[in-house]
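Reading through the structure tokens given below for one structure.
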Amino acid sequence: MNVIYRLIPGCIRTDCMKHSGKSYKNINTENTALNSKKEKTGYDEDKELEKKNLIWNMLGSGVYAITSMLLGVIASRILGKEEGGIIFFAFSTLGQQLYIISYFGMRPIQMTDMAFKCSFGDYLRFRMITSAAALAGGIIYSVLFAGSLNKMLIWFSMVLYKVFDGIADCYETEYQRQGRLYMTGKSSLLRTVFSAAVFIIATIITKNALYGSAAFAVSGFISVYIFAAFPLKSIKAVDYSVKKGSILKLFNLSKLLFLSSFVDIYIFAAAKYAVNSALGDEANAYFNTLFIPTSVINLMAGFIIRPALTMLSVNYERGEIKLFNKRILKISLYIAGFTICAMAAAKIMGIRVLSMLLGTGISELKQYENSFLILILGGGFYALLNLFYYILVIIKERNAIFAVYILGGITAYFLSERMAKSAGIEGAAVSYLILMVFVSFMFIAVFLKKLLSIKGEKEYQDA
């Protein structure tokens with residue numbers, strides 16, 4: 001989950017290490033091109049910069065999300081549904097799960113370190129270690145569960161790409177921390193377009209999923225350096241030094257966020273794991289294609305959530321609880337609106353559009369129309385879940401987040417495969433909806449409890 005934060009209380013109050021002798025004031029002086037006359041945080045109200053950040057962030061996030069959704073569809077059209085199903089699972093399910101290990105909950109922590117108590121070098125070294133762990137996990141999972149050498153190598157190639165994606169995220173987060181969100185968007189956009197083009201061209205030429213996946217992995221490595229790492233050197237304020245003890249400190253800061261994110265992705269993908277295990281590669285292609293509008297809802301919600309999180313953090317810090325709640329309600333209504341519109345569009349022409357994407361007859365997909373609508377509704381609840389995840393981080397309820405995710409993960413483990421085996425794709429879709437509703441409502445309950453606690457404290461102080 002990629003977010004923009006100004007300050008989340010508690011994330012940076014642990015003394016992670018001083019910023020290599022540079023005062024915060026001096027760091028901002030080096031960023032005069034961005035913020036020569038504004039506050040020391042660098043996050044001013046400059047409308048031009050805000051517009052630039054918004055446009056590039058939307059482009060980068062949009063293309064990244066669309067590519068993630070359509071890569072398996074493209075593979076299915078070129079190579080057939082079975083090979084496409086392998087790509088779908090390797091990239092959007094297994095690869096995304098292992099990306100979370102590489103990510104390790106670092107973006108919100110790095111972004112909220114506005115006092116630069118940890119250097120970029122500290123964050124990058126930590127990300128290299130977590131990326132190595134993700135790669136090792138990918139190798140082990142592929143060897144144990146792939147079932148064939150060809151599938152194992154495809155899985156591994158896709159996981160390798162996602163590991164490089166995790167490393168790139170560290171650079172792109174630093175752009176945000178330096179007040180250059182537009183550079184984050186540019187990097188994401190260019191990396192995604194370059195790698196997707198390499199994958200498509202290699203797959204068309206070779207007509208081989210393994211060769212296309214291997215080319216994709218190599219392009220991921222190249223794109224990290226060209227589009228993420230190299231441009232960062234132009235920002236002189238970035239500190240590449242590494243301090244002793246920073247690894248353990250960052251681990252302690254991120255471990256709960258990581259575990260929560262890891263379980264979150266498992267909950268989100270449990271239905272996909274169930275389809276892969278119980279129904280096979282071809283069913284994977286169908287199910288993941290039906291899943292596409294769900295991801296679109298989350299993408300659209302992200303365009304609203306991400307920019308708002310900065311001001312939500314500010315509102316909470318200043319004790320502006322009414323404004324804080326008003327912003328949350330407004331975003332929730334946007335999510336509801338997106339979901340209703342998506343379900344209406346899906347009912348009218350969804351199956352026709354998906355049949356064109358997958359290259360199958362309408363009648364072949366018509367049997368999955370109910371599953372399609374159920375997944376879209378589940379996607380709306382997942383977008384709501386993501387909103388309240390970030391809200392709970394802002395209000396310092398990390399332990400509650402973790403507890404909810406553990407309950408959700410246990411439920412997913414016992415529910416998803418059982419429903420996929422008993423009711424096929426529709427059973428998997430229903431299990432997804434149940435899980436999204438359950439976790440969303442649990443998060444909202446924690447939030448409401450916190451509000452009541454804040455209200456009680458205020459009344460006590462006023463008494």
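Following the order of the structure tokens, chains are lettered A, B, ..., residues in each are numbered from 1, and ligands are numbered from 1.
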
Any idea what's packed within 10 Å of Ile74 (chain A), counting only C-alpha atoms, ignoring anything in its chain fewer than 5 positions away? Could you give it as a PyMOL selection string?
chain A and resi 67+69+79-80+84+87-88+199-200+203-204+357-359

Can you tell me which residues surround region 258-273 of chain A at a distance of at most 9 Å, considering only C-alpha atoms, apart from same-chain residues fewer than 5 positions away, and format the answer as a VMD selection string?
chain A and resid 1 89 92 to 94 96 to 98 100 to 101 103 to 106 278 284 287 to 288 382 398 401 to 406 408 to 413 415 to 417 419 to 420 425 427 to 432 435 to 436

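If only C-alpha atoms are the atoms counted, then among A:Ser68, A:Ser131, A:Ser61, A:Asn276 the closest residue to Glu82 (chain A) is A:Asn276.
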
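Nearest to Leu377 (chain A) of all the residues A:Thr294, A:Ser355, A:Ser363, A:Thr206 is A:Thr294, based on only C-alpha atoms.
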